[in-house]
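A.B. asks: So I've got this file, query37.txt, and it contains compact mmCIF, C-alpha atoms:
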```txt
# COMPACT_ATOMS: atom_id res chain seq x y z
CA MET A 1 0.00 0.00 0.00
CA THR A 2 1.30 3.46 -0.87
CA LEU A 3 0.26 6.55 1.07
CA GLU A 4 0.18 9.64 -1.16
CA TYR A 5 -0.13 12.95 0.60
CA PRO A 6 0.39 16.55 -0.53
CA PRO A 7 3.97 17.79 -0.03
CA VAL A 8 4.68 19.27 3.39
CA ILE A 9 6.11 22.79 3.32
CA PRO A 10 8.34 23.28 6.39
CA ALA A 11 7.67 26.39 8.43
CA ASP A 12 11.31 27.48 8.39
CA ARG A 13 14.00 25.64 6.47
CA SER A 14 16.74 27.85 7.88
CA ARG A 15 16.64 26.12 11.25
CA PRO A 16 17.06 22.44 12.18
CA ARG A 17 13.77 20.65 12.69
CA HIS A 18 14.15 20.31 16.46
CA GLN A 19 14.70 24.06 16.80
CA ARG A 20 11.44 25.03 15.10
CA SER A 21 8.63 26.28 17.29
CA VAL A 22 5.17 24.75 17.39
CA THR A 23 3.92 28.20 16.47
CA ASP A 24 6.10 28.49 13.36
CA ALA A 25 3.92 28.70 10.28
CA PRO A 26 4.27 29.30 6.53
CA ASP A 27 3.62 32.72 5.05
CA PRO A 28 0.45 34.06 6.72
CA SER A 29 -1.43 34.55 3.45
CA PRO A 30 -5.22 34.04 3.52
CA ARG A 31 -6.09 30.38 4.03
CA ALA A 32 -9.30 28.74 2.94
CA ARG A 33 -11.18 27.27 5.86
CA PHE A 34 -10.50 23.56 6.55
CA THR A 35 -7.58 23.32 4.12
CA PHE A 36 -4.63 21.52 5.65
CA THR A 37 -1.59 19.42 4.85
CA GLU A 38 -1.72 16.84 7.65
CA LEU A 39 -5.46 16.89 8.33
CA GLU A 40 -8.36 16.05 6.06
CA ALA A 41 -11.75 17.55 6.94
CA ARG A 42 -15.11 17.03 5.22
CA PHE A 43 -18.54 18.23 6.38
CA ASP A 44 -21.54 15.93 6.05
CA PRO A 45 -24.67 18.14 6.12
CA GLU A 46 -26.98 15.14 6.39
CA LEU A 47 -25.51 14.17 9.77
CA ASP A 48 -24.34 17.70 10.72
CA THR A 49 -20.95 16.06 11.20
CA LEU A 50 -17.41 17.23 10.48
CA TRP A 51 -15.35 14.15 9.62
CA THR A 52 -11.63 14.76 10.20
CA TYR A 53 -8.69 12.41 9.66
CA MET A 54 -5.01 12.73 10.51
CA ARG A 55 -2.73 11.95 7.57
CA GLN A 56 0.88 12.55 8.62
CA ARG A 57 3.57 11.93 6.01
CA VAL A 58 6.32 10.71 8.31
CA ARG A 59 5.33 8.98 11.54
CA PRO A 60 1.72 8.98 12.79
CA SER A 61 2.62 11.16 15.76
CA PHE A 62 1.86 14.70 16.94
CA ASN A 63 4.58 16.69 15.18
CA PRO A 64 4.68 20.51 15.53
CA GLY A 65 3.10 21.06 12.11
CA LEU A 66 0.14 18.86 13.01
CA LEU A 67 -0.33 20.71 16.30
CA THR A 68 -0.47 24.01 14.42
CA GLU A 69 -3.10 22.58 12.08
CA PHE A 70 -5.15 21.23 14.99
CA SER A 71 -5.29 24.73 16.46
CA GLN A 72 -6.37 26.14 13.09
CA TRP A 73 -8.93 23.34 12.72
CA GLN A 74 -10.47 24.24 16.06
CA ASP A 75 -10.62 27.92 15.08
CA ASP A 76 -12.24 26.96 11.77
CA ILE A 77 -14.95 24.93 13.55
CA VAL A 78 -15.84 27.87 15.76
CA ALA A 79 -15.85 30.26 12.80
CA ALA A 80 -18.00 27.95 10.67
CA ARG A 81 -20.61 27.69 13.42
CA ARG A 82 -20.63 31.40 14.20
CA THR A 83 -21.07 32.40 10.56
CA GLY A 84 -23.69 29.72 10.00
CA ASP A 85 -21.73 28.29 7.06
CA MET A 86 -21.83 24.81 8.60
CA HIS A 87 -24.31 23.58 11.18
CA ILE A 88 -21.72 21.40 12.90
CA ARG A 89 -23.16 19.39 15.77
CA TYR A 90 -20.74 16.45 15.78
CA VAL A 91 -16.97 16.49 15.25
CA VAL A 92 -15.24 13.16 14.53
CA LEU A 93 -11.48 12.60 14.53
CA GLY A 94 -9.85 9.49 13.09
CA SER A 95 -6.65 8.53 11.28
CA ARG A 96 -5.84 7.53 7.71
CA PHE A 97 -2.75 5.60 8.83
CA PRO A 98 -3.52 1.87 8.54
CA GLY A 99 -3.62 0.16 11.91
CA VAL A 100 -2.69 3.26 13.92
CA PHE A 101 -4.76 6.06 15.41
CA SER A 102 -1.67 7.81 16.79
CA LEU A 103 1.67 6.83 18.30
CA GLY A 104 1.58 9.98 20.42
CA GLY A 105 4.32 12.53 20.98
CA ASP A 106 7.15 13.30 18.58
CA LEU A 107 9.83 11.22 20.30
CA ASP A 108 12.54 12.20 17.83
CA LEU A 109 11.88 15.85 18.66
CA PHE A 110 11.82 15.11 22.39
CA ALA A 111 15.20 13.38 22.23
CA ALA A 112 16.74 16.34 20.39
CA HIS A 113 15.43 18.85 22.94
CA ILE A 114 16.60 16.66 25.83
CA ARG A 115 20.10 16.36 24.37
CA ASP A 116 20.17 20.16 24.01
CA GLY A 117 18.84 20.67 27.55
CA ASN A 118 16.09 22.82 26.03
CA ARG A 119 13.43 22.89 28.74
CA ALA A 120 11.60 25.84 27.15
CA ALA A 121 11.07 23.89 23.91
CA LEU A 122 9.77 20.84 25.77
CA VAL A 123 7.36 22.98 27.79
CA GLY A 124 6.27 24.85 24.66
CA TYR A 125 5.48 21.60 22.87
CA GLY A 126 3.61 20.15 25.84
CA ARG A 127 1.57 23.28 26.46
CA ALA A 128 0.59 23.44 22.79
CA CYS A 129 -0.72 19.87 23.14
CA VAL A 130 -2.73 20.44 26.32
CA ARG A 131 -4.25 23.69 25.04
CA ILE A 132 -5.67 21.75 22.11
CA LEU A 133 -6.93 18.94 24.36
CA HIS A 134 -8.43 21.38 26.85
CA ARG A 135 -10.38 23.16 24.09
CA ASN A 136 -11.54 19.79 22.82
CA MET A 137 -12.62 18.75 26.32
CA LEU A 138 -14.73 21.95 26.48
CA SER A 139 -16.23 21.17 23.04
CA LEU A 140 -14.74 24.52 21.92
CA ASP A 141 -17.42 26.20 24.05
CA GLN A 142 -19.91 25.21 21.35
CA PRO A 143 -22.97 22.93 21.38
CA ILE A 144 -21.06 20.14 19.67
CA ILE A 145 -20.26 16.56 20.61
CA THR A 146 -16.74 15.30 19.93
CA ILE A 147 -16.16 11.70 18.89
CA GLY A 148 -12.84 9.86 18.68
CA LEU A 149 -12.89 7.17 15.97
CA VAL A 150 -10.28 4.50 16.73
CA GLU A 151 -9.53 2.15 13.84
CA GLY A 152 -5.95 1.44 14.95
CA ASP A 153 -3.71 1.51 18.00
CA ALA A 154 -3.55 4.61 20.22
CA LEU A 155 -0.37 4.93 22.25
CA GLY A 156 1.04 7.59 24.55
CA GLY A 157 -0.25 10.98 23.50
CA GLY A 158 -2.65 9.29 21.10
CA PHE A 159 -4.40 7.67 24.05
CA GLU A 160 -4.23 10.92 26.01
CA ALA A 161 -5.86 12.82 23.16
CA LEU A 162 -8.80 10.40 23.06
CA LEU A 163 -9.47 11.01 26.75
CA SER A 164 -10.48 14.58 25.88
CA PHE A 165 -13.38 13.44 23.65
CA ASN A 166 -17.00 13.16 24.75
CA VAL A 167 -17.33 9.81 23.03
CA VAL A 168 -14.77 7.20 21.94
CA ILE A 169 -15.77 4.50 19.46
CA ALA A 170 -13.14 1.84 18.84
CA GLU A 171 -12.85 -1.20 16.64
CA ARG A 172 -12.37 -4.51 18.40
CA GLY A 173 -8.75 -5.63 18.45
CA THR A 174 -7.29 -2.13 18.73
CA SER A 175 -4.88 -1.40 21.57
CA PHE A 176 -4.37 1.55 23.90
CA GLY A 177 -1.30 2.15 26.03
CA LEU A 178 0.86 4.60 27.95
CA PRO A 179 4.38 3.21 27.41
CA GLU A 180 6.32 6.24 28.67
CA THR A 181 7.35 4.59 31.93
CA ASN A 182 9.24 1.99 29.89
CA PHE A 183 11.87 4.64 29.08
CA GLY A 184 11.84 6.51 32.38
CA LEU A 185 9.19 9.13 31.63
CA PHE A 186 5.46 9.52 32.26
CA PRO A 187 2.57 10.65 30.03
CA GLY A 188 2.54 14.41 30.55
CA MET A 189 -0.19 15.60 28.20
CA GLY A 190 -3.23 14.96 30.34
CA ALA A 191 -3.43 11.23 31.05
CA HIS A 192 -3.23 11.53 34.83
CA CYS A 193 -5.68 14.46 34.93
CA PHE A 194 -8.25 12.81 32.67
CA LEU A 195 -7.95 9.28 34.04
CA SER A 196 -8.08 10.43 37.68
CA ARG A 197 -11.42 12.06 37.00
CA ARG A 198 -12.71 8.98 35.18
CA LEU A 199 -11.33 6.19 37.33
CA GLY A 200 -9.97 7.75 40.54
CA SER A 201 -6.34 8.55 41.34
CA ALA A 202 -5.31 5.07 42.47
CA ARG A 203 -6.64 3.33 39.35
CA ALA A 204 -5.18 6.05 37.12
CA GLU A 205 -1.72 5.63 38.68
CA GLN A 206 -1.96 1.87 38.32
CA MET A 207 -2.75 2.18 34.63
CA ILE A 208 0.05 4.68 34.00
CA LEU A 209 2.68 2.81 36.01
CA SER A 210 1.90 -0.54 34.39
CA GLY A 211 3.15 0.57 30.97
CA ARG A 212 1.01 -2.19 29.49
CA SER A 213 -1.37 -2.15 26.57
CA TYR A 214 -5.12 -2.34 27.06
CA SER A 215 -7.56 -3.73 24.54
CA ALA A 216 -10.56 -1.77 23.32
CA GLU A 217 -12.72 -4.34 25.08
CA GLU A 218 -10.99 -3.72 28.43
CA LEU A 219 -11.43 0.03 28.12
CA TYR A 220 -15.07 -0.46 27.16
CA ASP A 221 -15.58 -2.29 30.45
CA LEU A 222 -13.92 0.65 32.26
CA GLY A 223 -16.18 3.17 30.51
CA ILE A 224 -13.36 4.88 28.62
CA VAL A 225 -14.47 3.44 25.27
CA HIS A 226 -18.16 4.05 24.78
CA ALA A 227 -18.96 1.74 21.86
CA LEU A 228 -17.23 -1.12 20.07
CA ALA A 229 -17.23 -1.83 16.35
CA GLU A 230 -16.17 -4.85 14.38
CA PRO A 231 -12.86 -4.46 12.52
CA GLY A 232 -13.37 -2.26 9.47
CA GLU A 233 -16.75 -1.03 10.71
CA GLY A 234 -15.63 1.91 12.85
CA ARG A 235 -17.05 4.66 10.68
CA VAL A 236 -20.29 2.76 10.21
CA GLU A 237 -20.63 2.48 13.99
CA VAL A 238 -20.02 6.22 14.40
CA GLU A 239 -22.74 6.96 11.83
CA ARG A 240 -25.06 4.57 13.64
CA TYR A 241 -24.29 6.27 16.95
CA ILE A 242 -25.03 9.73 15.52
CA ARG A 243 -28.28 8.68 13.82
CA HIS A 244 -29.47 6.98 16.99
CA ASN A 245 -28.64 9.92 19.28
CA ARG A 246 -29.14 13.02 17.12
CA ARG A 247 -32.58 13.74 18.63
CA ARG A 248 -30.91 13.71 22.05
CA HIS A 249 -28.12 16.04 20.95
CA SER A 250 -29.12 19.02 23.12
CA GLY A 251 -29.60 16.84 26.17
CA HIS A 252 -26.25 15.13 25.66
CA CYS A 253 -24.47 18.47 25.28
CA ALA A 254 -26.05 19.62 28.54
CA ILE A 255 -24.99 16.44 30.33
CA TYR A 256 -21.36 16.83 29.21
CA GLU A 257 -21.40 20.47 30.26
CA ALA A 258 -22.79 19.53 33.67
CA SER A 259 -20.09 16.88 34.07
CA ARG A 260 -17.38 19.46 33.35
CA SER A 261 -18.97 21.79 35.90
CA VAL A 262 -19.14 19.12 38.60
CA ASN A 263 -15.59 17.89 37.97
CA PRO A 264 -13.71 20.77 36.29
CA LEU A 265 -10.24 20.44 34.82
CA PRO A 266 -8.51 23.85 34.63
CA LEU A 267 -5.97 24.45 31.89
CA GLY A 268 -3.50 25.49 34.59
CA GLU A 269 -3.57 21.98 36.05
CA LEU A 270 -2.69 20.45 32.69
CA GLU A 271 0.10 22.99 32.18
CA ALA A 272 1.53 22.31 35.64
CA VAL A 273 1.83 18.62 34.78
CA VAL A 274 3.56 19.55 31.51
CA ASP A 275 6.18 21.44 33.54
CA LEU A 276 6.75 18.35 35.71
CA TRP A 277 7.01 16.22 32.56
CA ALA A 278 9.63 18.53 31.04
CA ASP A 279 11.72 18.39 34.23
CA ALA A 280 11.47 14.60 34.27
CA ALA A 281 12.47 14.43 30.60
CA LEU A 282 15.66 16.40 31.27
CA ARG A 283 16.62 13.86 33.95
CA LEU A 284 16.50 10.90 31.55
CA SER A 285 19.68 8.88 31.34
CA ALA A 286 21.63 7.99 28.22
CA GLY A 287 20.10 4.51 28.46
CA ASP A 288 16.59 5.96 28.56
CA LEU A 289 17.30 8.05 25.45
CA LYS A 290 18.65 4.96 23.72
CA LEU A 291 15.36 3.16 24.40
CA MET A 292 13.48 6.19 23.08
CA ARG A 293 15.53 6.12 19.86
CA ARG A 294 14.80 2.42 19.46
CA LEU A 295 11.10 3.17 19.66
CA VAL A 296 11.48 5.90 17.03
CA GLY A 297 13.25 3.35 14.82
CA ALA A 298 10.43 0.86 15.30
CA GLN A 299 7.88 3.52 14.33
CA THR A 300 9.88 4.38 11.21
CA ARG A 301 10.04 0.72 10.22
CA LEU A 302 6.28 0.52 10.68
CA LEU A 303 5.85 3.34 8.18
CA GLY A 304 8.14 1.56 5.71
CA LYS A 305 6.07 -1.63 5.91
CA VAL A 306 2.85 0.27 5.28
CA GLN A 307 4.28 2.15 2.29
CA SER A 308 5.82 -0.95 0.71
```
So, in terms of structure tokens, how does the structure I just supplied come out?
C.D. replies:
Amino acid sequence: MTLEYPPVIPADRSRPRHQRSVTDAPDPSPRARFTFTELEARFDPELDTLWTYMRQRVRPSFNPGLLTEFSQWQDDIVAARRTGDMHIRYVVLGSRFPGVFSLGGDLDLFAAHIRDGNRAALVGYGRACVRILHRNMLSLDQPIITIGLVEGDALGGGFEALLSFNVVIAERGTSFGLPETNFGLFPGMGAHCFLSRRLGSARAEQMILSGRSYSAEELYDLGIVHALAEPGEGRVEVERYIRHNRRRHSGHCAIYEASRSVNPLPLGELEAVVDLWADAALRLSAGDLKLMRRLVGAQTRLLGKVQS
């Protein structure tokens, strides 16, 4: 299978990749709404649903360019609703990468920043991530319901991102995991905050410390996955979910808003954890970084197999 995507235009070719900021962007000329390089967005007026898929060219991870596009995507959703151009009531996020929802953070970038001792860059990356997740958790302060469509494995930050959605629908056989403890780190982009509110602090710590993978079926039993689909039927299950619940849309939005009010998660809490994560990253040993590089290599080999 060959993945063909539009060419990526780097934000700044004059600097090494690991020195580019998450906020770096190409020339700020007018951009058509919902036009991206690493995201694909299509509105379905019949279901009032914005279908969005990640389509990274390199590794299926949250690189700085993708984070910039996610922020633009969120702005575009708000603008489309406010202007009345699109009556978006459901937002769905999935992945075009076969067998993978997301492998999480950009480990290659992390390793470069750690070697440079660049705490500010690590914090900047992490805060960009949690700002996006926090807005998603709040449904962009709009009457929309967010749905994570999982047709492949979600690891590290990929799992963390899904915890910010109102609804997660996963295909049977997919895996979720927080492997950061395997190389001396911890998931710093919201896992502890989100899981503690869902499962309690003790259960959240147990899940994070285990470093193990969890099946979609296990997370369904824990209430983290809300519906299961047969392999290859994820999108169909999302459509079924929307058709079945669309008359209850207003009530569901109110329930999610009430839940956020009863158990709020301030952005400052997420950012404080990012700071702790950055400090922990700078304490990693040479052996830990070696394990991280091995994981990057495994991810790169995965891409090669898919493209062959």
A.B. asks: What is the distance, in Å and to one decimal place, between atom CA of Leu162 of chain A and atom CA of Gly148 of chain A?
C.D. replies: 6.0 Å
A.B. asks: I'd like the neighbourhood of Leu291 of chain A as a list in words, where a residue qualifies if any of its atoms comes within 12 Å (using only C-alpha atoms), though same-chain residues fewer than 3 positions away should be ignored.
C.D. replies: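 Everything that qualifies: Leu107, Asp108, Ala111, Pro179, Glu180, Thr181, Asn182, Phe183, Gly184, Leu185, Leu284, Ser285, Ala286, Gly287, Asp288, Arg294, Leu295, Val296, Gly297 and Ala298 of chain A.
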A.B. asks: How many Å lie between atom CA of Glu269 of chain A and atom CA of Phe110 of chain A, rounded to one decimal?
C.D. replies: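 Pair atom CA of Glu269 of chain A / atom CA of Phe110 of chain A returns 21.7 Å.
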A.B. asks: Extract, using all atoms listed in the file, all DNA, RNA and protein residues at most 12 Å from Gly268 of chain A, discarding same-chain residues fewer than 6 positions from it, and format them as a PyMOL selection string.
C.D. replies: chain A and resi 127+130-131+134+190+193+274-275
A.B. asks: Taking only C-alpha atoms into account, which of A:Gly65, A:Pro60, A:Gly173, A:Gly232 comes nearest Thr300 of chain A?
C.D. replies: A:Pro60
A.B. asks: Please indicate the distance in Å from atom CA of Met189 of chain A to atom CA of Thr146 of chain A, rounded to one decimal place.
C.D. replies: 18.5 Å
A.B. asks: Which polymer residues have any atom within 9 Å of an atom of Phe194 of chain A, counting all atoms listed in the file, with same-chain residues fewer than 6 positions away left out, as a ChimeraX atom specification?
C.D. replies: /A:160,163-164,204,265
